[in-house]
>>> print(open('input.cif').read())   # mmCIF, C-alpha atoms and all ligand atoms
data_input
loop_
_atom_site.label_atom_id
_atom_site.label_comp_id
_atom_site.auth_asym_id
_atom_site.auth_seq_id
_atom_site.Cartn_x
_atom_site.Cartn_y
_atom_site.Cartn_z
CA MET A 13 3.18 -25.76 -19.92
CA GLY A 14 0.63 -26.81 -22.50
CA PRO A 15 -3.08 -26.60 -21.72
CA ALA A 16 -3.59 -30.36 -21.93
CA HIS A 17 -0.90 -30.98 -19.38
CA ALA A 18 -2.32 -28.35 -17.10
CA VAL A 19 -5.85 -29.67 -17.25
CA ALA A 20 -4.82 -33.22 -16.59
CA ALA A 21 -2.67 -32.25 -13.67
CA ALA A 22 -5.25 -29.99 -12.14
CA ALA A 23 -8.14 -32.42 -12.22
CA THR A 24 -6.89 -34.33 -9.23
CA SER A 25 -6.43 -31.67 -6.62
CA VAL A 26 -8.21 -28.41 -7.19
CA ALA A 27 -10.02 -28.64 -3.89
CA THR A 28 -6.83 -28.68 -1.86
CA HIS A 29 -5.96 -25.07 -2.49
CA THR A 30 -6.90 -22.80 0.36
CA THR A 31 -4.49 -19.95 0.53
CA ARG A 32 -2.56 -17.48 -1.50
CA ASN A 33 -0.41 -16.36 1.37
CA ARG A 34 1.91 -19.29 1.66
CA SER A 35 5.56 -19.01 0.93
CA PRO A 36 6.43 -18.62 -2.73
CA HIS A 37 7.71 -22.17 -2.88
CA VAL A 38 4.58 -23.65 -1.44
CA ARG A 39 2.51 -21.38 -3.56
CA LEU A 40 4.34 -22.37 -6.66
CA PHE A 41 4.06 -26.03 -5.82
CA LEU A 42 0.34 -25.77 -5.29
CA ALA A 43 -0.05 -23.76 -8.40
CA VAL A 44 1.72 -26.35 -10.48
CA VAL A 45 -1.16 -28.74 -10.08
CA LEU A 46 -3.91 -26.17 -10.16
CA THR A 47 -3.70 -24.44 -13.44
CA ALA A 48 -6.86 -25.32 -15.21
CA SER A 49 -9.33 -23.05 -13.50
CA LEU A 50 -8.03 -19.92 -15.15
CA PRO A 51 -8.90 -18.84 -18.66
CA ALA A 52 -6.58 -19.70 -21.48
CA CYS A 53 -5.99 -16.04 -22.21
CA ALA A 54 -4.01 -15.79 -19.02
CA THR A 55 -1.21 -17.87 -20.45
CA LYS A 56 -0.73 -16.03 -23.68
CA VAL A 57 2.69 -14.60 -24.32
CA SER A 58 2.91 -11.79 -26.79
CA ALA A 59 5.32 -12.21 -29.64
CA ALA A 60 5.40 -8.49 -30.28
CA THR A 61 8.95 -8.14 -29.06
CA PRO A 62 11.26 -10.63 -30.69
CA THR A 63 14.06 -11.90 -28.52
CA ALA A 64 17.15 -13.93 -29.02
CA ALA A 65 16.46 -17.51 -29.94
CA THR A 66 18.35 -18.63 -26.88
CA CYS A 67 15.83 -17.05 -24.49
CA VAL A 68 12.35 -18.55 -24.21
CA SER A 69 9.71 -17.02 -21.99
CA GLU A 70 7.27 -19.09 -20.00
CA ILE A 71 4.20 -18.51 -17.92
CA GLY A 72 3.80 -20.31 -14.65
CA PRO A 73 0.60 -22.03 -13.58
CA GLY A 74 -2.28 -19.97 -12.31
CA ILE A 75 -3.55 -19.68 -8.78
CA PRO A 76 -7.22 -20.58 -8.45
CA PRO A 77 -9.90 -19.04 -6.24
CA PRO A 78 -10.65 -19.91 -2.66
CA ALA A 79 -12.87 -22.91 -1.98
CA SER A 80 -15.77 -20.86 -0.67
CA PRO A 81 -16.99 -17.38 -1.59
CA PRO A 82 -16.01 -14.62 0.81
CA ALA A 83 -18.54 -13.02 3.10
CA LYS A 84 -20.45 -10.07 1.71
CA GLN A 85 -20.29 -6.67 3.33
CA PRO A 86 -22.15 -3.40 2.89
CA GLY A 87 -20.55 -0.87 0.56
CA PHE A 88 -17.68 -1.33 -1.89
CA HIS A 89 -15.58 -4.41 -1.22
CA ALA A 90 -13.41 -6.78 -3.20
CA ALA A 91 -11.97 -10.20 -2.42
CA TRP A 92 -9.10 -11.80 -4.28
CA TRP A 93 -10.34 -14.59 -6.51
CA GLY A 94 -7.33 -16.07 -8.27
CA GLN A 95 -4.71 -15.09 -10.75
CA SER A 96 -2.81 -16.39 -13.72
CA GLY A 97 0.71 -17.67 -13.30
CA TYR A 98 3.83 -15.73 -12.58
CA MET A 99 6.05 -15.22 -15.56
CA ARG A 100 9.58 -15.78 -16.62
CA LEU A 101 10.18 -13.40 -19.47
CA CYS A 102 13.11 -12.60 -21.67
CA PRO A 103 14.33 -9.01 -21.37
CA GLY A 104 11.89 -6.65 -23.05
CA GLU A 105 9.23 -9.27 -23.71
CA ARG A 106 5.55 -8.79 -22.90
CA ALA A 107 2.84 -11.03 -21.56
CA THR A 108 -0.74 -10.71 -20.37
CA ALA A 109 -1.64 -11.16 -16.73
CA THR A 110 -5.05 -11.92 -15.29
CA LEU A 111 -6.16 -11.13 -11.78
CA ALA A 112 -9.66 -11.91 -10.58
CA TYR A 113 -11.60 -10.11 -7.86
CA TYR A 114 -14.94 -11.08 -6.40
CA ASN A 115 -17.31 -8.21 -5.71
CA SER A 116 -17.93 -8.95 -2.04
CA GLY A 117 -19.72 -5.66 -1.38
CA SER A 118 -23.34 -4.64 -1.62
CA LEU A 119 -22.77 -2.16 -4.44
CA GLY A 120 -22.12 -2.84 -8.10
CA TRP A 121 -19.11 -1.53 -10.01
CA VAL A 122 -20.09 0.71 -12.89
CA SER A 123 -17.68 1.31 -15.74
CA GLY A 124 -16.97 4.91 -16.63
CA ARG A 125 -18.72 6.42 -13.64
CA LEU A 126 -16.49 8.19 -11.16
CA GLY A 127 -17.15 7.02 -7.65
CA GLU A 128 -18.42 3.66 -8.90
CA VAL A 129 -15.86 2.35 -11.39
CA ALA A 130 -13.37 -0.27 -10.23
CA TYR A 131 -9.67 -0.28 -11.11
CA LEU A 132 -6.53 -1.99 -9.96
CA GLY A 133 -4.11 0.62 -8.71
CA THR A 134 -0.40 0.42 -7.94
CA TRP A 135 0.30 -0.06 -4.25
CA ASN A 136 2.93 -0.53 -1.52
CA GLY A 137 5.56 -1.96 -1.22
CA GLU A 138 6.59 -1.73 -4.92
CA PRO A 139 6.21 0.58 -6.71
CA GLY A 140 4.14 2.34 -4.02
CA GLN A 141 0.68 3.83 -3.94
CA ASP A 142 -0.04 5.68 -7.20
CA ARG A 143 3.54 5.30 -8.35
CA PRO A 144 4.73 4.12 -11.77
CA SER A 145 5.93 0.57 -12.32
CA ILE A 146 8.75 -0.60 -14.51
CA LEU A 147 6.60 -3.60 -15.42
CA GLY A 148 3.86 -1.70 -17.23
CA GLY A 149 2.04 1.56 -17.66
CA ASP A 150 1.09 4.24 -20.15
CA GLY A 151 4.50 5.64 -20.95
CA GLN A 152 4.39 8.35 -18.31
CA LEU A 153 7.14 8.65 -15.71
CA GLY A 154 9.25 6.12 -17.51
CA SER A 155 6.71 3.33 -17.35
CA PRO A 156 6.61 1.13 -20.43
CA ALA A 157 3.54 1.84 -22.57
CA THR A 158 1.75 -1.46 -22.21
CA GLY A 159 -1.79 -0.17 -22.46
CA TRP A 160 -2.66 0.41 -18.84
CA PRO A 161 -5.35 3.08 -18.27
CA ARG A 162 -2.71 5.17 -16.50
CA TYR A 163 0.78 4.63 -15.14
CA ASP A 164 -0.74 4.06 -11.69
CA ARG A 165 -3.90 2.28 -12.84
CA VAL A 166 -3.07 -1.22 -13.91
CA ALA A 167 -6.45 -2.23 -15.30
CA ALA A 168 -10.06 -1.09 -15.42
CA GLN A 169 -12.99 -3.35 -14.69
CA PRO A 170 -13.50 -5.67 -17.68
CA ALA A 171 -17.27 -5.34 -18.05
CA PRO A 172 -19.73 -2.43 -17.94
CA TYR A 173 -21.22 -3.67 -14.70
CA ILE A 174 -19.92 -6.04 -12.04
CA ALA A 175 -22.76 -6.89 -9.71
CA PRO A 176 -22.32 -7.95 -6.08
CA GLY A 177 -21.33 -11.60 -6.10
CA GLN A 178 -19.85 -11.40 -9.59
CA ILE A 179 -16.21 -11.82 -10.49
CA ALA A 180 -14.19 -9.28 -12.44
CA TRP A 181 -11.32 -10.73 -14.47
CA PHE A 182 -8.90 -7.83 -14.70
CA GLN A 183 -6.29 -8.18 -17.42
CA PHE A 184 -3.16 -6.18 -18.02
CA ALA A 185 0.05 -6.43 -19.98
CA VAL A 186 3.44 -6.53 -18.32
CA GLN A 187 6.80 -6.00 -19.97
CA ALA A 188 10.06 -7.41 -18.70
CA PRO A 189 12.72 -4.82 -17.82
CA THR A 190 16.14 -5.16 -19.37
CA VAL A 191 18.07 -6.10 -16.24
CA PRO A 192 17.60 -9.74 -15.21
CA GLY A 193 16.13 -10.36 -11.79
CA THR A 194 12.88 -10.74 -9.91
CA TYR A 195 10.42 -7.86 -10.06
CA GLN A 196 7.22 -7.20 -8.16
CA LEU A 197 4.12 -5.20 -8.90
CA TYR A 198 1.82 -4.73 -5.93
CA VAL A 199 -1.77 -3.88 -6.73
CA ARG A 200 -4.86 -2.98 -4.80
CA PRO A 201 -8.41 -2.66 -6.10
CA LEU A 202 -10.19 0.64 -5.74
CA ILE A 203 -13.32 2.46 -6.69
CA GLU A 204 -11.97 5.49 -8.49
CA GLY A 205 -13.10 8.65 -6.80
CA ALA A 206 -14.46 6.79 -3.78
CA ARG A 207 -12.17 4.47 -1.86
CA TRP A 208 -9.49 1.83 -1.92
CA MET A 209 -10.89 -1.62 -1.37
CA GLU A 210 -9.30 -4.51 0.51
CA ASP A 211 -5.50 -4.73 0.60
CA ILE A 212 -4.36 -8.29 1.11
CA GLY A 213 -0.88 -7.92 -0.25
CA VAL A 214 -1.58 -9.02 -3.79
CA TYR A 215 1.40 -8.69 -6.05
CA TRP A 216 2.54 -9.76 -9.44
CA GLN A 217 5.96 -11.22 -9.94
CA VAL A 218 8.03 -11.27 -13.11
CA VAL A 219 11.35 -13.02 -13.39
CA VAL A 220 13.45 -11.49 -16.12
CA LEU A 221 15.65 -14.17 -17.62
CA ASN A 222 19.27 -13.71 -18.50
CA PRO A 223 19.82 -12.91 -22.18
CA ASP A 224 21.00 -16.47 -22.76
CA GLY A 225 17.72 -17.80 -21.38
CA THR A 226 19.06 -19.05 -18.09
CA VAL A 227 17.19 -18.23 -14.91
CA PRO A 228 18.88 -15.65 -12.70
CA ALA A 229 19.39 -16.31 -9.03
CA PRO A 230 16.13 -15.54 -7.26
CA THR A 231 16.06 -12.12 -5.68
CA PRO A 232 14.42 -11.98 -2.26
CA LEU A 233 11.52 -9.67 -1.55
CA ASP A 234 12.20 -6.41 0.25
CA PRO A 235 13.48 -7.18 3.74
CA ILE A 236 11.18 -6.98 6.70
CA GLY A 237 11.04 -3.58 8.31
CA MET A 238 11.88 -1.59 5.21
CA THR A 239 9.51 1.21 4.30
CA PHE A 240 9.82 2.88 0.94
CA GLN A 241 8.71 6.46 0.75
CA VAL A 242 8.63 7.35 -2.92
CA ASP A 243 7.65 10.90 -3.71
CA ALA A 244 5.51 11.91 -6.66
CA GLY A 245 7.41 12.36 -9.89
CA VAL A 246 9.99 9.64 -9.38
CA ALA A 247 10.38 7.55 -12.52
CA ALA A 248 9.51 3.88 -12.75
CA ARG A 249 13.08 2.81 -13.47
CA ASP A 250 14.47 4.55 -10.41
CA ILE A 251 11.88 3.01 -8.12
CA ALA A 252 12.63 -0.45 -9.43
CA GLU A 253 16.38 -0.04 -9.18
CA VAL A 254 16.25 1.11 -5.57
CA HIS A 255 14.21 -1.95 -4.67
CA GLN A 256 16.52 -4.19 -6.65
CA GLY A 257 19.58 -2.86 -4.86
CA VAL A 258 18.03 -3.34 -1.44
CA GLN A 259 16.91 -6.84 -2.35
CA HIS A 260 20.24 -7.99 -3.75
CA ALA A 261 22.16 -6.56 -0.81
CA SER A 262 19.88 -8.00 1.84
CA GLY A 263 19.97 -11.37 0.14
CA PHE A 264 23.74 -11.25 0.08
CA LEU A 265 23.94 -10.42 3.77
CA ASP A 266 21.57 -13.25 4.57
CA SER A 267 23.63 -15.73 2.59
CA PHE A 268 27.18 -14.61 3.24
CA ALA A 269 27.37 -12.24 6.18
CA GLY A 270 25.33 -13.80 8.93
CA GLY A 271 21.98 -12.27 8.12
CA ALA A 272 20.52 -9.01 6.95
CA ARG A 273 19.27 -6.35 9.27
CA ARG A 274 15.64 -6.51 10.39
CA SER A 275 15.00 -3.28 12.27
CA ALA A 276 12.70 -0.59 10.97
CA SER A 277 14.14 1.59 8.26
CA THR A 278 12.96 4.09 5.71
CA VAL A 279 14.19 4.58 2.19
CA HIS A 280 13.19 7.96 0.83
CA VAL A 281 13.31 8.32 -2.93
CA TYR A 282 12.67 11.71 -4.49
CA VAL A 283 13.53 13.69 -7.56
CA GLY A 284 15.20 16.57 -5.77
CA ASP A 285 16.67 19.70 -7.23
CA ALA A 286 20.12 21.22 -7.45
CA SER A 287 20.27 21.75 -3.70
CA GLN A 288 20.98 18.12 -2.81
CA ARG A 289 24.66 17.49 -2.80
CA TYR A 290 24.48 13.72 -2.71
CA CYS A 291 22.55 11.22 -4.73
CA CYS A 292 22.65 8.65 -2.01
CA LEU A 293 22.93 9.38 1.64
CA THR A 294 22.64 7.12 4.65
CA THR A 295 21.81 8.71 7.99
CA GLY A 296 21.40 6.28 10.84
CA ASP A 297 18.60 3.87 10.08
CA SER A 298 17.52 5.41 6.82
CA PHE A 299 18.87 6.38 3.46
CA GLU A 300 17.70 8.57 0.66
CA ILE A 301 18.12 8.53 -3.09
CA VAL A 302 17.92 11.73 -5.12
CA THR A 303 17.20 10.67 -8.65
CA SER A 304 18.07 13.95 -10.33
CA ASN A 305 21.57 13.97 -8.87
CA VAL A 306 24.14 13.28 -11.56
CA ALA A 307 25.76 10.54 -9.53
CA TRP A 308 22.49 8.63 -9.78
CA ALA A 309 21.31 9.75 -13.19
CA SER A 310 24.69 9.12 -14.86
CA PRO A 311 26.72 6.95 -12.51
CA SER A 312 30.38 7.30 -13.20
CA ALA A 313 31.40 3.68 -13.05
CA ALA A 314 29.12 2.70 -15.87
CA ALA A 315 31.21 1.54 -18.79
CA VAL A 316 30.78 -0.90 -21.58
CA ASP A 317 33.55 -3.15 -20.32
CA THR A 318 32.17 -3.33 -16.81
CA TRP A 319 28.42 -2.96 -16.44
CA THR A 320 25.56 -0.74 -17.44
CA ALA A 321 24.21 2.41 -15.81
CA ASP A 322 21.13 0.47 -14.74
CA THR A 323 23.24 -2.10 -12.96
CA GLU A 324 25.37 0.64 -11.46
CA ARG A 325 22.31 2.35 -9.97
CA VAL A 326 21.24 -0.95 -8.47
CA GLU A 327 24.69 -1.13 -6.93
CA LEU A 328 24.36 2.39 -5.53
CA ALA A 329 21.21 1.39 -3.66
CA ALA A 330 22.82 -1.86 -2.53
CA HIS A 331 25.76 0.13 -1.18
CA GLU A 332 23.48 2.32 0.94
CA TYR A 333 21.68 -0.74 2.25
CA ILE A 334 25.01 -2.15 3.38
CA HIS A 335 25.49 1.08 5.33
CA LEU A 336 22.16 0.45 7.06
CA TRP A 337 23.46 -2.94 8.03
CA GLN A 338 26.69 -1.45 9.33
CA TYR A 339 24.69 1.00 11.38
CA ALA A 340 22.50 -1.78 12.76
CA VAL A 341 25.57 -3.79 13.68
CA GLY A 342 27.72 -1.10 15.21
CA GLY A 343 25.82 2.13 15.45
CA ARG A 344 27.23 5.50 14.59
CA SER A 345 30.73 4.56 15.60
CA CYS A 346 30.82 2.31 12.57
CA MET A 347 30.06 5.21 10.32
CA ILE A 348 32.79 7.64 11.28
CA GLY A 349 36.49 7.33 11.87
CA VAL A 350 38.31 5.15 9.40
CA ARG A 351 35.98 5.84 6.58
CA TRP A 352 37.56 3.69 3.94
CA ILE A 353 36.87 0.58 5.98
CA SER A 354 33.12 1.00 6.00
CA GLU A 355 33.15 2.48 2.52
CA GLY A 356 35.25 -0.33 1.22
CA MET A 357 33.04 -2.88 2.91
CA ALA A 358 29.90 -1.28 1.53
CA GLU A 359 31.37 -1.15 -1.94
CA SER A 360 32.74 -4.66 -1.79
CA PHE A 361 29.55 -6.20 -0.45
CA ALA A 362 27.36 -4.27 -2.84
CA TYR A 363 29.27 -5.39 -5.91
CA ARG A 364 29.55 -8.90 -4.64
CA SER A 365 25.82 -9.04 -4.06
CA LEU A 366 25.37 -8.36 -7.75
CA ILE A 367 27.99 -10.93 -8.68
CA ALA A 368 26.29 -13.48 -6.44
CA ASP A 369 23.02 -12.88 -8.26
CA GLY A 370 24.62 -12.95 -11.67
CA LEU A 371 24.21 -9.33 -12.64
CA ILE A 372 27.93 -8.76 -12.92
CA PRO A 373 30.41 -11.40 -14.05
CA ALA A 374 33.08 -11.77 -11.42
CA ALA A 375 35.66 -11.10 -14.08
CA ASN A 376 34.24 -7.64 -14.60
CA LEU A 377 34.92 -6.76 -11.00
CA ASP A 378 38.51 -7.82 -11.58
CA THR A 379 38.59 -5.66 -14.66
CA PHE A 380 37.48 -2.72 -12.63
CA THR A 381 39.90 -3.37 -9.79
CA LYS A 382 42.81 -3.61 -12.16
CA ARG A 383 41.77 -0.41 -13.81
CA GLN A 384 41.76 1.26 -10.44
CA LEU A 385 45.29 0.11 -9.90
CA ARG A 386 46.35 1.45 -13.27
CA THR A 387 44.83 4.84 -12.62
CA PRO A 388 47.66 7.36 -12.26
CA ARG A 389 48.58 7.93 -8.67
CA SER A 390 48.20 11.64 -9.10
CA ALA A 391 44.59 11.18 -9.99
CA THR A 392 43.63 9.00 -7.06
CA GLY A 393 45.68 11.19 -4.76
CA ALA A 394 43.73 14.22 -5.79
CA ALA A 395 40.38 12.67 -5.25
CA ALA A 396 41.42 11.13 -1.98
CA SER A 397 42.75 14.41 -0.75
CA ALA A 398 39.49 16.01 -1.58
CA ARG A 399 37.70 13.29 0.27
CA ALA A 400 39.95 13.67 3.26
CA ARG A 401 39.38 17.37 3.40
CA SER A 402 35.67 17.23 2.97
CA GLY A 403 35.05 15.99 6.49
CA THR A 404 31.72 14.55 5.53
CA PRO A 405 30.42 11.38 7.10
CA LEU A 406 31.33 8.23 5.30
CA SER A 407 27.77 7.64 4.41
CA ARG A 408 27.90 10.65 2.19
CA ARG A 409 30.32 9.04 -0.15
CA ARG A 410 27.81 9.15 -2.95
CA SER A 411 28.12 12.75 -3.75
CA ALA A 412 28.10 13.84 -7.32
CA ARG A 413 31.06 11.79 -8.21
CA ARG A 414 31.61 13.26 -11.55
CA PRO A 415 33.05 16.69 -11.90
CA THR A 416 30.81 19.48 -13.01
CA ARG A 417 30.64 20.21 -16.68
CA SER A 418 32.82 23.23 -16.35
CA THR A 419 35.44 21.33 -14.39
CA ARG A 420 35.47 18.51 -16.83
CA ALA A 421 35.85 20.88 -19.70
CA SER A 422 38.83 22.48 -18.09
CA SER A 423 40.78 19.37 -17.28
CA SER A 424 41.17 16.33 -19.42
CA SER A 425 43.11 14.57 -16.70
CA ALA A 426 40.29 15.19 -14.27
CA ARG A 427 37.87 13.78 -16.76
CA SER A 428 39.79 10.55 -17.09
CA THR A 429 40.17 10.37 -13.35
CA PHE A 430 36.52 10.58 -12.58
CA ALA A 431 35.43 8.49 -15.46
CA ARG A 432 37.63 5.72 -14.21
CA ALA A 433 37.98 6.05 -10.49
CA ARG A 434 35.26 4.08 -8.84
CA PHE A 435 36.38 4.69 -5.29
CA ALA A 436 37.93 8.08 -5.68
CA ASN A 437 34.72 9.85 -5.84
CA SER A 438 33.63 12.21 -3.19
CA ARG A 439 34.03 15.54 -4.82
CA PRO A 440 34.99 17.27 -8.01
CA PRO A 441 38.74 17.69 -8.41
CA PRO A 442 40.18 20.13 -5.90
CA ALA A 443 41.83 23.35 -6.79
CA PRO A 444 45.54 22.72 -7.37
CA ALA A 445 46.54 25.34 -4.84
CA THR A 446 45.02 23.52 -1.88
CA ALA A 447 45.38 19.90 -2.72
CA GLY A 448 47.77 19.09 -5.46
CA PRO A 449 46.55 16.48 -7.88
CA ARG A 450 50.03 14.97 -7.58
CA GLY A 451 49.80 14.36 -3.87
CA PRO A 452 51.55 11.18 -2.78
CA VAL A 453 49.74 8.08 -1.71
CA SER A 454 50.95 8.54 1.83
CA SER A 455 49.00 11.75 2.19
CA ARG A 456 45.94 9.94 1.06
CA ARG A 457 46.35 7.44 3.82
CA ARG A 458 47.07 10.01 6.42
CA GLY A 459 44.07 12.04 5.41
CA SER A 460 41.70 9.14 5.44
CA ALA A 461 42.80 7.86 8.81
ZN ZN A 501 28.99 4.77 1.30
#
>>> encode(input="input.cif", output="C-alpha cells", more="lines below")
Ligand SMILES: [Zn+2]
Amino acid sequence: MGPAHAVAAAATSVATHTTRNRSPHVRLFLAVVLTASLPACATKVSAATPTAATCVSEIGPGIPPPASPPAKQPGFHAAWWGQSGYMRLCPGERATATLAYYNSGSLGWVSGRLGEVAYLGTWNGEPGQDRPSILGGDGQLGSPATGWPRYDRVAAQPAPYIAPGQIAWFQFAVQAPTVPGTYQLYVRPLIEGARWMEDIGVYWQVVVLNPDGTVPAPTPLDPIGMTFQVDAGVAARDIAEVHQGVQHASGFLDSFAGGARRSASTVHVYVGDASQRYCCLTTGDSFEIVTSNVAWASPSAAAVDTWTADTERVELAAHEYIHLWQYAVGGRSCMIGVRWISEGMAESFAYRSLIADGLIPAANLDTFTKRQLRTPRSATGAAASARARSGTPLSRRRSARRPTRSTRASSSSARSTFARARFANSRPPPAPATAGPRGPVSSRRRGSA
C-alpha cells in the first residue's frame, strides 16, 4: 500500500479505533483504514535479501494508538501505543517493525542504565520468556542476526530518556523463516535489571509467503489450553517448528476432524542429552520434544523428493499433537493395544495437516507411500518386529528412528531401510538372531496386534 493511499483512507475514520484485542480479521479490517498515524519508516522493506521475482513482500497497515492516554501509575509502567502493520514476507526477506509504548509510569526510562533502561523482551507464548525467536535476534541460539540487542531482547528504548507521558517508538528488524506459514513473536516491555512491565499479549505476526509469491493457508494461533515450557538453550528453529506443528495439527482437527482438543496441556521442549531415548514422546495430556535426539535433529524421512528436514520436524510435532487429541478423545485406552491404528492415524493426520496448509504437495505424500510399498519386505519386517518386541507405548514411536552410526556402518541394507521407511521406525535394526530381518509380513501383523 502506498503512503498516499493510506493517508487518504485513514483520514475518515481514525477515531473509530478503540482496541487491539479484536479478532485478527476485525483487527486487520480496522487497520486497513487506519494506517496513516504511524511513521513512514514502519513500512520500509529491506532489499538486502534478494528473492525470486515471483515473490513480492508487503507490509500491512499499522495499528494506531488508543483514543485516550492510559492512566498513569507510580513506578515503571508501559502501555501499548500502536504498531506498524503485520508483514507478508518472502522466505528469507527482512523488514523493519515498529512498536510504540507509552510511558504510563511515574519514572523515566534511562538508556544504558541498568535498572532504568527499557527494552522489549521475548515473551510467552512464542518463543517464550527470554527465549530466542526464529524471526530475529543476534545470531545466538539459531536466531537470525537481525541486529537485536540480544536474542531475547528485541529492541532497546529509542532515545536516551523517555519521560513519563512520552512515547517510545521501538524498532526492530524481522526476517522471514524459510518455511512458509504464519509466525508469531510475543514481546513484553521491561526495565532491564528491575521488572517486567505490563503484559497485554502483544505479538508480532509474519506471514511467510510461498516461494512463488502466493499466500499460504493461514495457520491458527496455538490452541487454547496449550502451555509451552521451553528450557534454556533450545534453539530458535526448534521452538518455532514445535509451535508450527501444533498449530497446523490443531487447525486440521478443527477443519476436518470435528474440532481440536481444548483441555489443558503442556509441551516441554528441551535440549536433552544422550539419556533420552525418544525425540518426541506423548504421555497423557502432555508431550515433550528433545531437540538433541537424532530423530529430531536429523529426521529420517527428510529427502529431496519428499520434503525438507524443517518440514519433517514440523510434522513430528504435529504427530504428537494428534496423540494429545487421541488421548483427549479416548483416554489411555486409545494409546495402547493396536498401536498401528493410533500411530497410523497420528501419522496420517499430521501429514495431511501439512498438505492442507500447503507445506507438502499431496503428490509428495503419494511418492512417499509408494516408496514404502516398494521397500523390501525384509526391511519392513525387521523394523516391525523390533517395534513389536519393544513393548513401548505407542506414543513412544518417535524414538531415534535412524540406526546408530555403528549399526549403519555395518549394514547397508539397514541403512536403506531406515533412510526410506517412514513408518518402520521404532528402533535400530534388531540383531539377526532374535528377529530376522527377513521375517514375513504375517509376523509383523501378529506382533503389532
Ligand atoms: Zn506416535
>>> axis_aligned_box(input="input.cif", around="segment 198-212 of chain A", padding_each_side="8 Å", output="JSON")
{"center_x": -6.3, "center_y": 0.2, "center_z": -3.7, "size_x": 32.3, "size_y": 32.9, "size_z": 25.6}
>>> residues_around(input="input.cif", residues="Glu327 of chain A", least_positions_apart="6", cutoff="8 Å", atoms="all atoms listed in the file", output="list in words")
Gly257, Ala362, Tyr363 and Leu366 of chain A
>>> closest_residue(input="input.cif", among="A:Ser360, A:Gln95, A:Asn376, A:Thr190", to="ligand ZN 501 (chain A)", atoms="only C-alpha atoms and all ligand atoms")
A:Ser360
>>> closest_residue(input="input.cif", among="A:Gly270, A:Pro77, A:Trp352, A:Cys102", to="Asp224 of chain A", atoms="all atoms listed in the file")
A:Cys102
>>> closest_residue(input="input.cif", among="A:Ile179, A:Leu119, A:Ile236, A:Leu336", to="Ser354 of chain A", atoms="all atoms listed in the file")
A:Leu336
>>> atom_distance(input="input.cif", atom1="atom CA of Phe264 of chain A", atom2="atom CA of Leu233 of chain A")
12.4 Å
>>> closest_residue(input="input.cif", among="A:Phe182, A:Phe380, A:Tyr290, A:Tyr195", to="Ser145 of chain A", atoms="only C-alpha atoms")
A:Tyr195
>>> atom_distance(input="input.cif", atom1="atom CA of Ala206 of chain A", atom2="atom CA of Trp135 of chain A")
16.3 Å
>>> atom_distance(input="input.cif", atom1="atom CA of Gly97 of chain A", atom2="atom CA of Val191 of chain A")
21.1 Å
>>> build_atoms(input="input.cif", residues="segment 181-192 of chain A", atoms="N, CA and C atoms", output="PDB file, in the frame of the given file")
ATOM      1  N   TRP A 181     -12.611 -10.192 -14.039  1.00  0.00           N
ATOM      2  CA  TRP A 181     -11.320 -10.730 -14.470  1.00  0.00           C
ATOM      3  C   TRP A 181     -10.511  -9.570 -15.082  1.00  0.00           C
ATOM      4  N   PHE A 182      -9.738  -8.935 -14.229  1.00  0.00           N
ATOM      5  CA  PHE A 182      -8.900  -7.830 -14.700  1.00  0.00           C
ATOM      6  C   PHE A 182      -7.737  -8.403 -15.516  1.00  0.00           C
ATOM      7  N   GLN A 183      -7.452  -7.759 -16.628  1.00  0.00           N
ATOM      8  CA  GLN A 183      -6.290  -8.180 -17.420  1.00  0.00           C
ATOM      9  C   GLN A 183      -5.394  -6.992 -17.693  1.00  0.00           C
ATOM     10  N   PHE A 184      -4.111  -7.257 -17.728  1.00  0.00           N
ATOM     11  CA  PHE A 184      -3.160  -6.180 -18.020  1.00  0.00           C
ATOM     12  C   PHE A 184      -1.880  -6.779 -18.578  1.00  0.00           C
ATOM     13  N   ALA A 185      -1.207  -5.970 -19.376  1.00  0.00           N
ATOM     14  CA  ALA A 185       0.050  -6.430 -19.980  1.00  0.00           C
ATOM     15  C   ALA A 185       1.219  -5.999 -19.097  1.00  0.00           C
ATOM     16  N   VAL A 186       2.187  -6.878 -19.002  1.00  0.00           N
ATOM     17  CA  VAL A 186       3.440  -6.530 -18.320  1.00  0.00           C
ATOM     18  C   VAL A 186       4.587  -6.701 -19.322  1.00  0.00           C
ATOM     19  N   GLN A 187       5.624  -5.943 -19.093  1.00  0.00           N
ATOM     20  CA  GLN A 187       6.800  -6.000 -19.970  1.00  0.00           C
ATOM     21  C   GLN A 187       8.039  -6.183 -19.112  1.00  0.00           C
ATOM     22  N   ALA A 188       8.861  -7.122 -19.482  1.00  0.00           N
ATOM     23  CA  ALA A 188      10.060  -7.410 -18.700  1.00  0.00           C
ATOM     24  C   ALA A 188      11.083  -6.280 -18.849  1.00  0.00           C
ATOM     25  N   PRO A 189      11.623  -5.788 -17.733  1.00  0.00           N
ATOM     26  CA  PRO A 189      12.720  -4.820 -17.820  1.00  0.00           C
ATOM     27  C   PRO A 189      13.955  -5.462 -18.460  1.00  0.00           C
ATOM     28  N   THR A 190      14.959  -4.660 -18.671  1.00  0.00           N
ATOM     29  CA  THR A 190      16.140  -5.160 -19.370  1.00  0.00           C
ATOM     30  C   THR A 190      17.127  -5.859 -18.448  1.00  0.00           C
ATOM     31  N   VAL A 191      17.112  -5.503 -17.168  1.00  0.00           N
ATOM     32  CA  VAL A 191      18.070  -6.100 -16.240  1.00  0.00           C
ATOM     33  C   VAL A 191      17.470  -7.372 -15.642  1.00  0.00           C
ATOM     34  N   PRO A 192      18.128  -8.503 -15.775  1.00  0.00           N
ATOM     35  CA  PRO A 192      17.600  -9.740 -15.210  1.00  0.00           C
ATOM     36  C   PRO A 192      17.389  -9.637 -13.709  1.00  0.00           C
TER      37      PRO A 192
END
